[in-house]
$ cat data-v6.csv   # CSV, C-alpha atoms
chain,number,residue,atom,x,y,z
H,19,MET,CA,-13.0,-79.7,64.4
H,20,THR,CA,-12.5,-76.9,61.9
H,21,GLU,CA,-11.9,-77.6,58.2
H,22,SER,CA,-8.3,-76.4,58.5
H,23,SER,CA,-7.5,-79.2,61.1
H,24,GLU,CA,-9.4,-82.1,59.5
H,25,TRP,CA,-6.2,-83.7,58.3
H,26,LEU,CA,-4.7,-83.8,61.8
H,27,ILE,CA,-4.6,-87.3,63.4
H,28,TYR,CA,-3.2,-86.1,66.7
H,29,ARG,CA,-5.0,-82.9,67.8
H,30,GLY,CA,-3.1,-81.9,70.9
H,31,ALA,CA,-6.4,-81.4,72.8
H,32,GLY,CA,-5.8,-83.9,75.6
H,33,GLU,CA,-9.0,-85.8,74.8
H,34,PRO,CA,-8.7,-89.5,73.7
H,35,HIS,CA,-10.4,-90.3,70.4
H,36,GLY,CA,-10.2,-93.0,67.6
H,37,GLY,CA,-8.5,-90.8,65.0
H,38,ILE,CA,-5.8,-93.4,64.4
H,39,ASP,CA,-8.3,-95.3,62.3
H,40,ARG,CA,-8.2,-92.4,59.7
H,41,LEU,CA,-4.4,-92.8,59.3
H,42,PRO,CA,-3.8,-93.7,55.6
H,43,ALA,CA,-1.5,-96.5,54.4
H,44,PRO,CA,2.2,-95.7,55.0
H,45,PRO,CA,4.5,-94.5,52.1
H,46,PRO,CA,6.0,-97.5,50.3
H,47,TRP,CA,9.5,-96.9,51.7
H,48,ARG,CA,8.1,-97.1,55.3
H,49,ASP,CA,5.7,-100.0,54.8
H,50,PHE,CA,7.2,-102.4,57.4
H,51,ALA,CA,4.2,-104.8,57.1
H,52,SER,CA,5.3,-105.8,53.6
H,53,ARG,CA,8.3,-107.5,55.0
H,54,GLU,CA,6.1,-110.3,56.4
H,55,ALA,CA,5.6,-111.7,52.9
H,56,ALA,CA,9.2,-111.0,51.7
H,57,PRO,CA,12.4,-113.0,52.5
H,58,ALA,CA,14.7,-111.4,55.0
H,59,GLY,CA,17.5,-109.4,53.5
H,60,ALA,CA,21.0,-109.1,54.8
H,61,ASP,CA,20.5,-105.7,56.3
H,62,GLY,CA,16.8,-106.1,57.2
H,63,SER,CA,15.7,-103.4,54.8
H,64,GLN,CA,16.9,-104.4,51.4
H,65,ASP,CA,13.9,-106.5,50.4
H,66,ARG,CA,11.4,-103.9,51.6
H,67,ARG,CA,12.8,-101.4,49.2
H,68,LEU,CA,13.6,-103.8,46.3
H,69,GLY,CA,10.3,-103.1,44.5
H,70,ALA,CA,10.9,-99.3,44.4
H,71,HIS,CA,14.6,-99.8,43.4
H,72,ARG,CA,13.5,-102.1,40.6
H,73,HIS,CA,11.0,-99.6,39.3
H,74,LEU,CA,13.6,-96.9,39.4
H,75,ALA,CA,16.0,-99.2,37.5
H,76,GLU,CA,13.5,-99.7,34.8
H,77,LEU,CA,12.9,-96.0,34.4
H,78,HIS,CA,16.5,-94.8,34.8
H,79,ARG,CA,17.9,-93.2,31.7
H,80,PRO,CA,21.6,-92.1,32.2
H,81,GLY,CA,23.2,-89.2,30.5
H,82,ALA,CA,26.0,-89.7,27.9
H,83,GLU,CA,28.9,-89.2,30.4
H,84,GLU,CA,27.3,-91.4,33.0
H,85,LEU,CA,26.8,-94.1,30.4
H,86,GLU,CA,30.4,-93.9,29.2
H,87,MET,CA,31.8,-94.1,32.8
H,88,ILE,CA,29.6,-97.1,33.7
H,89,ASN,CA,30.8,-99.0,30.6
H,90,ALA,CA,34.4,-98.0,31.3
H,91,ALA,CA,34.2,-99.6,34.8
H,92,LEU,CA,32.6,-102.7,33.3
H,93,TYR,CA,35.3,-103.1,30.6
H,94,LEU,CA,38.2,-102.3,32.9
H,95,ARG,CA,36.9,-104.3,35.9
H,96,ARG,CA,37.4,-101.3,38.1
H,97,PRO,CA,35.2,-99.9,40.9
H,98,LEU,CA,33.0,-97.0,40.0
H,99,LEU,CA,33.2,-94.1,42.5
H,100,VAL,CA,30.1,-92.0,42.1
H,101,THR,CA,29.8,-88.6,43.8
H,102,GLY,CA,26.9,-86.2,43.9
H,103,SER,CA,24.3,-84.5,46.0
H,104,PRO,CA,21.7,-86.5,47.9
H,105,GLY,CA,19.0,-87.7,45.4
H,106,ALA,CA,21.2,-87.4,42.4
H,107,GLY,CA,20.7,-91.0,41.5
H,108,LYS,CA,23.9,-92.6,42.8
H,109,SER,CA,22.3,-95.7,44.2
H,110,THR,CA,19.8,-96.1,41.4
H,111,LEU,CA,22.8,-96.4,39.0
H,112,ALA,CA,23.8,-99.7,40.6
H,113,HIS,CA,20.3,-101.1,40.5
H,114,SER,CA,19.9,-100.1,36.9
H,115,VAL,CA,23.1,-101.9,35.8
H,116,ALA,CA,22.0,-105.1,37.8
H,117,TYR,CA,18.5,-105.0,36.3
H,118,GLU,CA,19.5,-104.5,32.7
H,119,LEU,CA,22.3,-107.0,32.7
H,120,GLY,CA,20.5,-109.6,34.7
H,121,LEU,CA,23.1,-109.7,37.5
H,122,GLY,CA,20.7,-110.4,40.4
H,123,ASP,CA,19.8,-108.3,43.4
H,124,VAL,CA,22.2,-105.6,44.4
H,125,LEU,CA,24.3,-106.4,47.5
H,126,ARG,CA,24.3,-103.2,49.6
H,127,TRP,CA,26.8,-102.2,52.3
H,128,SER,CA,25.7,-99.0,54.0
H,129,ILE,CA,28.7,-97.3,55.5
H,130,VAL,CA,28.6,-95.7,59.0
H,131,SER,CA,31.4,-94.1,61.0
H,132,ARG,CA,32.2,-97.4,62.8
H,133,SER,CA,32.3,-99.5,59.6
H,134,THR,CA,35.4,-101.7,59.1
H,135,LEU,CA,36.6,-103.7,56.2
H,136,GLN,CA,35.7,-106.9,58.0
H,137,ASP,CA,32.1,-105.8,58.2
H,138,GLY,CA,31.9,-105.8,54.4
H,139,LEU,CA,33.8,-109.1,54.1
H,140,TYR,CA,32.6,-111.5,56.8
H,141,HIS,CA,31.4,-111.9,60.4
H,142,TYR,CA,32.6,-114.7,62.7
H,143,ASP,CA,30.3,-115.3,65.7
H,144,ALA,CA,33.0,-116.6,68.1
H,145,ILE,CA,30.7,-116.2,71.1
H,146,ALA,CA,27.9,-118.3,69.7
H,147,ARG,CA,30.5,-121.0,68.8
H,148,LEU,CA,32.0,-121.0,72.3
H,149,GLN,CA,28.5,-121.4,73.8
H,150,ASP,CA,27.7,-124.3,71.5
H,151,VAL,CA,31.0,-126.0,72.4
H,152,GLN,CA,30.3,-125.7,76.1
H,153,ILE,CA,26.8,-127.0,75.6
H,154,ALA,CA,28.1,-129.9,73.5
H,155,ALA,CA,30.8,-130.7,76.2
H,156,GLN,CA,28.1,-130.8,78.9
H,157,GLY,CA,26.1,-133.1,76.8
H,158,ALA,CA,29.1,-135.4,76.3
H,159,ARG,CA,29.8,-135.6,80.0
H,160,GLY,CA,26.2,-136.4,80.7
H,161,ALA,CA,26.1,-139.1,78.0
H,162,ALA,CA,29.4,-140.6,79.3
H,163,ALA,CA,28.0,-140.7,82.8
H,164,GLU,CA,25.0,-142.6,81.5
H,165,GLY,CA,27.1,-144.9,79.4
H,166,GLY,CA,26.0,-143.2,76.1
H,167,GLY,CA,27.9,-141.8,73.1
H,168,THR,CA,30.1,-138.8,72.6
H,169,ALA,CA,29.6,-135.3,71.3
H,170,ALA,CA,31.3,-136.0,68.0
H,171,GLY,CA,29.9,-133.9,65.2
H,172,ALA,CA,28.3,-131.5,67.6
H,173,PRO,CA,27.6,-127.9,66.4
H,174,GLY,CA,30.9,-126.6,68.0
H,175,ALA,CA,33.1,-129.2,66.3
H,176,VAL,CA,35.7,-128.2,63.7
H,177,GLU,CA,33.5,-129.4,60.9
H,178,GLY,CA,30.7,-127.1,61.9
H,179,ILE,CA,32.7,-123.8,62.1
H,180,GLY,CA,31.1,-122.6,58.8
H,181,SER,CA,27.8,-122.2,60.7
H,182,TYR,CA,29.2,-119.3,62.6
H,183,ILE,CA,30.6,-117.4,59.6
H,184,ARG,CA,28.5,-115.1,57.4
H,185,LEU,CA,29.9,-113.3,54.4
H,186,GLY,CA,29.2,-109.6,54.2
H,187,PRO,CA,28.0,-107.8,51.0
H,188,LEU,CA,31.5,-107.3,49.6
H,189,GLY,CA,32.6,-110.8,50.6
H,190,THR,CA,29.5,-112.3,48.9
H,191,ALA,CA,30.2,-110.3,45.7
H,192,LEU,CA,33.8,-111.7,45.6
H,193,LEU,CA,32.6,-115.3,45.5
H,194,PRO,CA,33.7,-117.1,42.3
H,195,SER,CA,31.0,-117.0,39.6
H,196,ASP,CA,30.9,-116.7,35.8
H,197,THR,CA,29.1,-113.4,35.9
H,198,PRO,CA,29.8,-110.5,38.2
H,199,ARG,CA,27.5,-109.5,41.1
H,200,VAL,CA,26.7,-105.8,41.8
H,201,VAL,CA,27.7,-104.5,45.1
H,202,LEU,CA,26.8,-101.0,46.4
H,203,ILE,CA,29.1,-99.5,49.0
H,204,ASP,CA,26.9,-96.6,50.0
H,205,GLU,CA,28.1,-93.3,51.4
H,206,LEU,CA,31.8,-94.2,51.8
H,207,ASP,CA,32.5,-90.6,52.9
H,208,LYS,CA,30.7,-91.4,56.2
H,209,SER,CA,33.5,-93.9,57.1
H,210,ASP,CA,36.4,-93.2,59.4
H,211,ILE,CA,39.8,-92.2,57.9
H,212,ASP,CA,41.1,-95.8,57.5
H,213,LEU,CA,38.4,-97.6,55.6
H,214,PRO,CA,39.1,-96.2,52.1
H,215,ASN,CA,42.8,-97.3,52.4
H,216,ASP,CA,41.8,-100.7,53.9
H,217,LEU,CA,39.7,-101.4,50.8
H,218,LEU,CA,42.6,-101.0,48.4
H,219,ASN,CA,44.1,-104.5,48.5
H,220,VAL,CA,40.7,-106.3,48.3
H,221,LEU,CA,39.6,-104.2,45.4
H,222,GLU,CA,43.0,-104.7,43.6
H,223,GLU,CA,43.4,-108.4,44.2
H,224,GLY,CA,39.8,-109.5,44.2
H,225,GLU,CA,40.2,-111.9,47.0
H,226,PHE,CA,40.5,-112.1,50.8
H,227,ALA,CA,41.2,-114.6,53.5
H,228,ILE,CA,39.1,-115.8,56.4
H,229,PRO,CA,41.8,-116.6,59.1
H,230,GLU,CA,39.4,-118.6,61.2
H,231,LEU,CA,39.1,-121.1,58.3
H,232,GLU,CA,42.7,-120.9,57.1
H,233,ARG,CA,44.0,-122.0,60.5
H,234,ILE,CA,42.0,-125.3,60.4
H,235,ALA,CA,41.8,-125.9,56.7
H,236,ASP,CA,43.9,-129.1,57.0
H,237,ARG,CA,41.4,-130.5,59.5
H,238,LEU,CA,38.3,-129.8,57.3
H,239,PRO,CA,37.1,-132.4,54.8
H,240,GLY,CA,38.8,-131.4,51.6
H,241,GLY,CA,39.7,-128.1,53.2
H,242,GLU,CA,36.1,-127.0,52.7
H,243,ALA,CA,33.6,-125.2,54.9
H,244,GLN,CA,30.0,-124.3,54.2
H,245,VAL,CA,29.3,-120.6,55.1
H,246,LEU,CA,26.3,-118.3,54.8
H,247,THR,CA,26.3,-115.4,52.2
H,248,ALA,CA,24.9,-111.9,52.7
H,249,ASP,CA,21.7,-112.9,50.8
H,250,GLY,CA,21.1,-116.1,52.9
H,251,THR,CA,22.4,-119.0,50.8
H,252,ARG,CA,25.1,-121.5,51.7
H,253,VAL,CA,28.3,-121.7,49.7
H,254,THR,CA,31.6,-123.6,49.9
H,255,VAL,CA,34.8,-121.8,50.9
H,256,ARG,CA,38.0,-123.8,50.2
H,257,ASP,CA,41.2,-123.4,52.2
H,258,GLY,CA,39.9,-120.3,54.0
H,259,ARG,CA,40.1,-118.0,51.0
H,260,VAL,CA,37.5,-116.3,48.8
H,261,ARG,CA,38.6,-115.5,45.2
H,262,CYS,CA,36.5,-114.0,42.5
H,263,ARG,CA,36.5,-115.2,38.9
H,264,ALA,CA,34.5,-112.3,37.5
H,265,PHE,CA,35.3,-109.1,39.3
H,266,PRO,CA,32.1,-107.6,40.7
H,267,PHE,CA,30.6,-104.4,39.5
H,268,VAL,CA,31.5,-102.2,42.6
H,269,VAL,CA,29.7,-98.9,43.0
H,270,LEU,CA,31.1,-96.6,45.7
H,271,THR,CA,28.9,-93.6,46.4
H,272,SER,CA,29.8,-90.4,48.2
H,273,ASN,CA,27.9,-87.2,48.9
H,274,GLY,CA,31.2,-85.2,48.5
H,275,GLU,CA,31.7,-84.6,52.3
H,276,ARG,CA,35.4,-85.5,52.1
H,277,ASP,CA,38.2,-86.2,49.8
H,278,PHE,CA,39.6,-89.7,49.3
H,279,PRO,CA,43.2,-90.8,49.2
H,280,ALA,CA,45.0,-90.8,45.8
H,281,PRO,CA,45.6,-94.5,45.8
H,282,LEU,CA,41.9,-95.2,46.0
H,283,MET,CA,41.1,-92.6,43.3
H,284,ARG,CA,43.8,-94.2,41.1
H,285,ARG,CA,42.0,-97.6,41.3
H,286,CYS,CA,38.5,-96.2,40.6
H,287,ILE,CA,36.6,-94.8,37.6
H,288,HIS,CA,35.3,-91.5,38.9
H,289,LEU,CA,31.8,-90.2,37.9
H,290,GLU,CA,30.4,-87.0,39.3
H,291,LEU,CA,26.7,-86.6,39.0
H,292,GLY,CA,25.2,-83.1,38.8
H,293,ARG,CA,22.0,-82.0,40.4
H,294,PRO,CA,19.0,-83.9,39.2
H,295,ASP,CA,16.8,-82.1,36.7
H,296,HIS,CA,13.0,-82.0,36.6
H,297,LYS,CA,12.7,-85.1,34.5
H,298,ARG,CA,14.8,-87.2,36.7
H,299,LEU,CA,13.1,-86.1,39.9
H,300,ALA,CA,9.7,-86.8,38.3
H,301,THR,CA,10.9,-90.3,37.4
H,302,PHE,CA,12.1,-90.7,41.0
H,303,VAL,CA,8.6,-89.7,42.4
H,304,ARG,CA,6.8,-91.8,39.8
H,305,ALA,CA,8.8,-94.9,40.8
H,306,HIS,CA,7.9,-94.5,44.5
H,307,LEU,CA,4.4,-93.0,44.4
H,308,GLY,CA,3.0,-93.5,40.9
H,309,ASP,CA,2.0,-91.4,38.0
H,310,GLU,CA,-0.8,-89.5,39.7
H,311,ALA,CA,1.3,-88.4,42.6
H,312,ALA,CA,4.1,-87.2,40.2
H,313,ARG,CA,1.6,-85.1,38.3
H,314,ALA,CA,0.1,-83.7,41.4
H,315,GLY,CA,3.5,-82.9,42.8
H,316,ASP,CA,4.8,-81.2,39.7
H,317,ASP,CA,4.8,-77.8,41.3
H,318,LEU,CA,6.6,-79.1,44.4
H,319,ILE,CA,9.3,-80.6,42.2
H,320,ALA,CA,9.8,-77.2,40.5
H,321,HIS,CA,10.0,-75.5,43.8
H,322,PHE,CA,12.4,-78.1,45.1
H,323,LEU,CA,14.7,-77.5,42.1
H,324,GLU,CA,14.6,-73.8,42.6
H,325,ARG,CA,15.7,-74.2,46.3
H,326,SER,CA,18.4,-76.7,45.4
H,327,ARG,CA,20.2,-74.0,43.5
H,328,SER,CA,21.2,-72.3,46.7
H,329,GLU,CA,20.4,-74.9,49.4
H,330,LEU,CA,21.4,-78.5,50.1
H,331,VAL,CA,18.2,-80.4,50.1
H,332,ALA,CA,17.5,-84.2,49.5
H,333,ALA,CA,15.1,-86.0,47.1
H,334,ASP,CA,13.9,-88.1,50.1
H,335,GLN,CA,12.5,-84.8,51.6
H,336,LEU,CA,10.7,-84.1,48.3
H,337,LEU,CA,9.1,-87.6,48.5
H,338,ASN,CA,7.9,-87.0,52.0
H,339,ALA,CA,6.4,-83.7,51.0
H,340,ILE,CA,4.5,-85.0,48.0
H,341,TYR,CA,3.3,-88.1,49.8
H,342,LEU,CA,2.0,-86.2,52.8
H,343,THR,CA,0.4,-83.3,50.9
H,344,ASP,CA,-1.3,-85.8,48.7
H,345,ALA,CA,-2.4,-88.3,51.4
H,346,ALA,CA,-3.5,-85.8,54.0
H,347,ALA,CA,-4.5,-82.9,51.8
H,348,PRO,CA,-3.7,-80.2,54.4
H,349,PRO,CA,-4.9,-76.7,53.7
H,350,SER,CA,-1.5,-75.1,54.1
H,351,ARG,CA,0.1,-77.4,51.5
H,352,ASP,CA,3.0,-75.2,50.4
H,353,ARG,CA,3.9,-74.2,53.9
H,354,LEU,CA,3.9,-77.8,55.1
H,355,ALA,CA,6.1,-78.8,52.1
H,356,ASP,CA,8.6,-76.1,53.0
H,357,LEU,CA,8.7,-77.4,56.6
H,358,LEU,CA,9.4,-80.9,55.4
H,359,ILE,CA,12.1,-79.9,52.9
H,360,GLN,CA,14.5,-78.3,55.3
H,361,ARG,CA,17.9,-77.3,54.1
H,362,LEU,CA,20.6,-79.7,55.2
H,363,ASP,CA,23.4,-77.2,55.2
H,364,ARG,CA,23.7,-74.2,57.4
H,365,PRO,CA,22.7,-70.8,56.0
H,366,ARG,CA,25.7,-68.8,55.1
$ encode --input "data-v6.csv" --output "structure tokens"
Amino acid sequence: MTESSEWLIYRGAGEPHGGIDRLPAPPPWRDFASREAAPAGADGSQDRRLGAHRHLAELHRPGAEELEMINAALYLRRPLLVTGSPGAGKSTLAHSVAYELGLGDVLRWSIVSRSTLQDGLYHYDAIARLQDVQIAAQGARGAAAEGGGTAAGAPGAVEGIGSYIRLGPLGTALLPSDTPRVVLIDELDKSDIDLPNDLLNVLEEGEFAIPELERIADRLPGGEAQVLTADGTRVTVRDGRVRCRAFPFVVLTSNGERDFPAPLMRRCIHLELGRPDHKRLATFVRAHLGDEAARAGDDLIAHFLERSRSELVAADQLLNAIYLTDAAAPPSRDRLADLLIQRLDRPR
């Protein structure tokens, strides 16, 4: 094997070998093994990335305009709509506020084209409940045939309906509490055309109904049901409605791929972040990869900034390039970095 190919794990030679043993540890944001020691998050990835987000939150130093708009949203109890290019620090902003003000972990709702308002508020597993009712009924018939008891209090009974309801990130943030939770509604511009309008009433009123509980509230003890939250705890919902006491700090992010309706814009404080500078990118790299990697990748950061003036590139790509060129030490470092940092827009 030549010196120029020493970093290669897969060689493409058609000959089996034990090169996989030389594969270094994964980058922190792709370390799936770390989840074994961490509690499961609502979206399966939140806890894995929490450490890096917390470090970013500690290092985050907002500019004057950013600081003013964040505080305006806090004072006015209005959602903060943050727009900017990928890697501008939109998500970090939410984690920084939660960390500094002691508001707990950020509740994250990642938007895709199929996302609906109900996804963010709650999920009712009607199929699982039906299956449990059927199993309980079969057990009751068997017990009756043997002269035994009934299936009262079985999982499918009215009293147990809360076991089939789980609040989403936004629904959890709207639970009544003395201090606000922070909820990140990430990449709202990826949604279909209806979701921004569907959010209006919930964000204005700070409450929502769970019809499955409203219909049977008079049959529940005290009108109360125990449901799961997005972060895995059980809470009481009364009369089928969730009403906040402290309006959550809601951060809506957008990469600027679409315009939002005027009614949503009217209800939000709008902050537009410019392209990150060298200092902010170095902080981003340091939070994920450490001081040494940030120093070693200083030239790649500078090259990334130069390219970002005329191309759409993302900070995640920069992280990939710095990690790989540091961990693998390939001979063609600059060429490999350019291959990893591919422009996300089409050349004009």
$ closest_residue --input "data-v6.csv" --among "H:Arg147, H:Arg313, H:His306, H:His141" --to "Leu246 of chain H" --atoms "all atoms listed in the file"
H:His141
$ closest_atom_pairs --input "data-v6.csv" --of "segment 194-225 of chain H" --to "segment 286-299 of chain H" --cutoff "12 Å" --atoms "all atoms listed in the file" --output "tab-separated table"
residue	atom	partner	partner_atom	distance
H:Pro214	CA	H:Cys286	CA	11.5
H:Leu217	CA	H:Cys286	CA	11.5
H:Leu218	CA	H:Cys286	CA	10.0
H:Leu221	CA	H:Cys286	CA	9.4
H:Glu222	CA	H:Cys286	CA	10.1
$ closest_residue --input "data-v6.csv" --among "H:Thr254, H:Thr343, H:Asn338, H:Ser209" --to "Arg132 of chain H" --atoms "all atoms listed in the file"
H:Ser209
$ closest_residue --input "data-v6.csv" --among "H:Thr301, H:Asn219, H:Thr101, H:Ser181" --to "Leu231 of chain H" --atoms "only C-alpha atoms"
H:Ser181
$ closest_residue --input "data-v6.csv" --among "H:Ile88, H:Leu193, H:Leu362, H:Leu26" --to "Arg40 of chain H" --atoms "all atoms listed in the file"
H:Leu26
$ axis_aligned_box --input "data-v6.csv" --around "segment 277-287 of chain H" --padding-each-side "6 Å" --output "lines of an AutoDock Vina configuration file"
center_x = 41.1
center_y = -91.9
center_z = 43.7
size_x = 21.0
size_y = 23.4
size_z = 24.2
$ closest_residue --input "data-v6.csv" --among "H:Asp257, H:Asp143, H:Asp316, H:Asp150" --to "Phe226 of chain H" --atoms "all atoms listed in the file"
H:Asp257
$ residues_around --input "data-v6.csv" --residues "His113 of chain H" --least-positions-apart "6" --cutoff "7 Å" --atoms "all atoms listed in the file" --output "PyMOL selection string"
chain H and resi 71-72+75+124
$ residues_around --input "data-v6.csv" --residues "Leu342 of chain H" --least-positions-apart "5" --cutoff "12 Å" --atoms "all atoms listed in the file" --output "number ranges by chain"
H: 25-26, 41-45, 307, 311, 314-315, 318, 335-337, 347-352, 354-355, 357-359
$ atom_distance --input "data-v6.csv" --atom1 "atom CA of Ala235 of chain H" --atom2 "atom CA of Gly138 of chain H"
22.5 Å
$ closest_atom_pairs --input "data-v6.csv" --of "segment 218-290 of chain H" --to "segment 198-202 of chain H" --cutoff "10 Å" --atoms "all atoms listed in the file" --output "Markdown table"
| residue | atom | partner | partner_atom | distance |
| --- | --- | --- | --- | --- |
| H:Cys262 | CA | H:Pro198 | CA | 8.7 |
| H:Arg263 | CA | H:Pro198 | CA | 8.2 |
| H:Ala264 | CA | H:Pro198 | CA | 5.1 |
| H:Phe265 | CA | H:Pro198 | CA | 5.8 |
| H:Pro266 | CA | H:Pro198 | CA | 4.5 |
| H:Phe267 | CA | H:Val200 | CA | 4.7 |
| H:Val268 | CA | H:Val201 | CA | 5.1 |
| H:Val269 | CA | H:Leu202 | CA | 4.9 |
| H:Leu270 | CA | H:Leu202 | CA | 6.2 |
| H:Thr271 | CA | H:Leu202 | CA | 7.7 |
$ write_last_selection --input "data-v6.csv" --atoms "C-alpha atoms" --output "mmCIF file, in the frame of the given file"
data_model
loop_
_atom_site.group_PDB
_atom_site.id
_atom_site.type_symbol
_atom_site.label_atom_id
_atom_site.label_comp_id
_atom_site.auth_asym_id
_atom_site.auth_seq_id
_atom_site.Cartn_x
_atom_site.Cartn_y
_atom_site.Cartn_z
ATOM 1 C CA CYS H 262 36.500 -114.000 42.500
ATOM 2 C CA ARG H 263 36.500 -115.200 38.900
ATOM 3 C CA ALA H 264 34.500 -112.300 37.500
ATOM 4 C CA PHE H 265 35.300 -109.100 39.300
ATOM 5 C CA PRO H 266 32.100 -107.600 40.700
ATOM 6 C CA PHE H 267 30.600 -104.400 39.500
ATOM 7 C CA VAL H 268 31.500 -102.200 42.600
ATOM 8 C CA VAL H 269 29.700 -98.900 43.000
ATOM 9 C CA LEU H 270 31.100 -96.600 45.700
ATOM 10 C CA THR H 271 28.900 -93.600 46.400
#
$ residues_around --input "data-v6.csv" --residues "Arg252 of chain H" --least-positions-apart "4" --cutoff "12 Å" --atoms "all atoms listed in the file" --output "PyMOL selection string"
chain H and resi 180-185+190+193+243-248
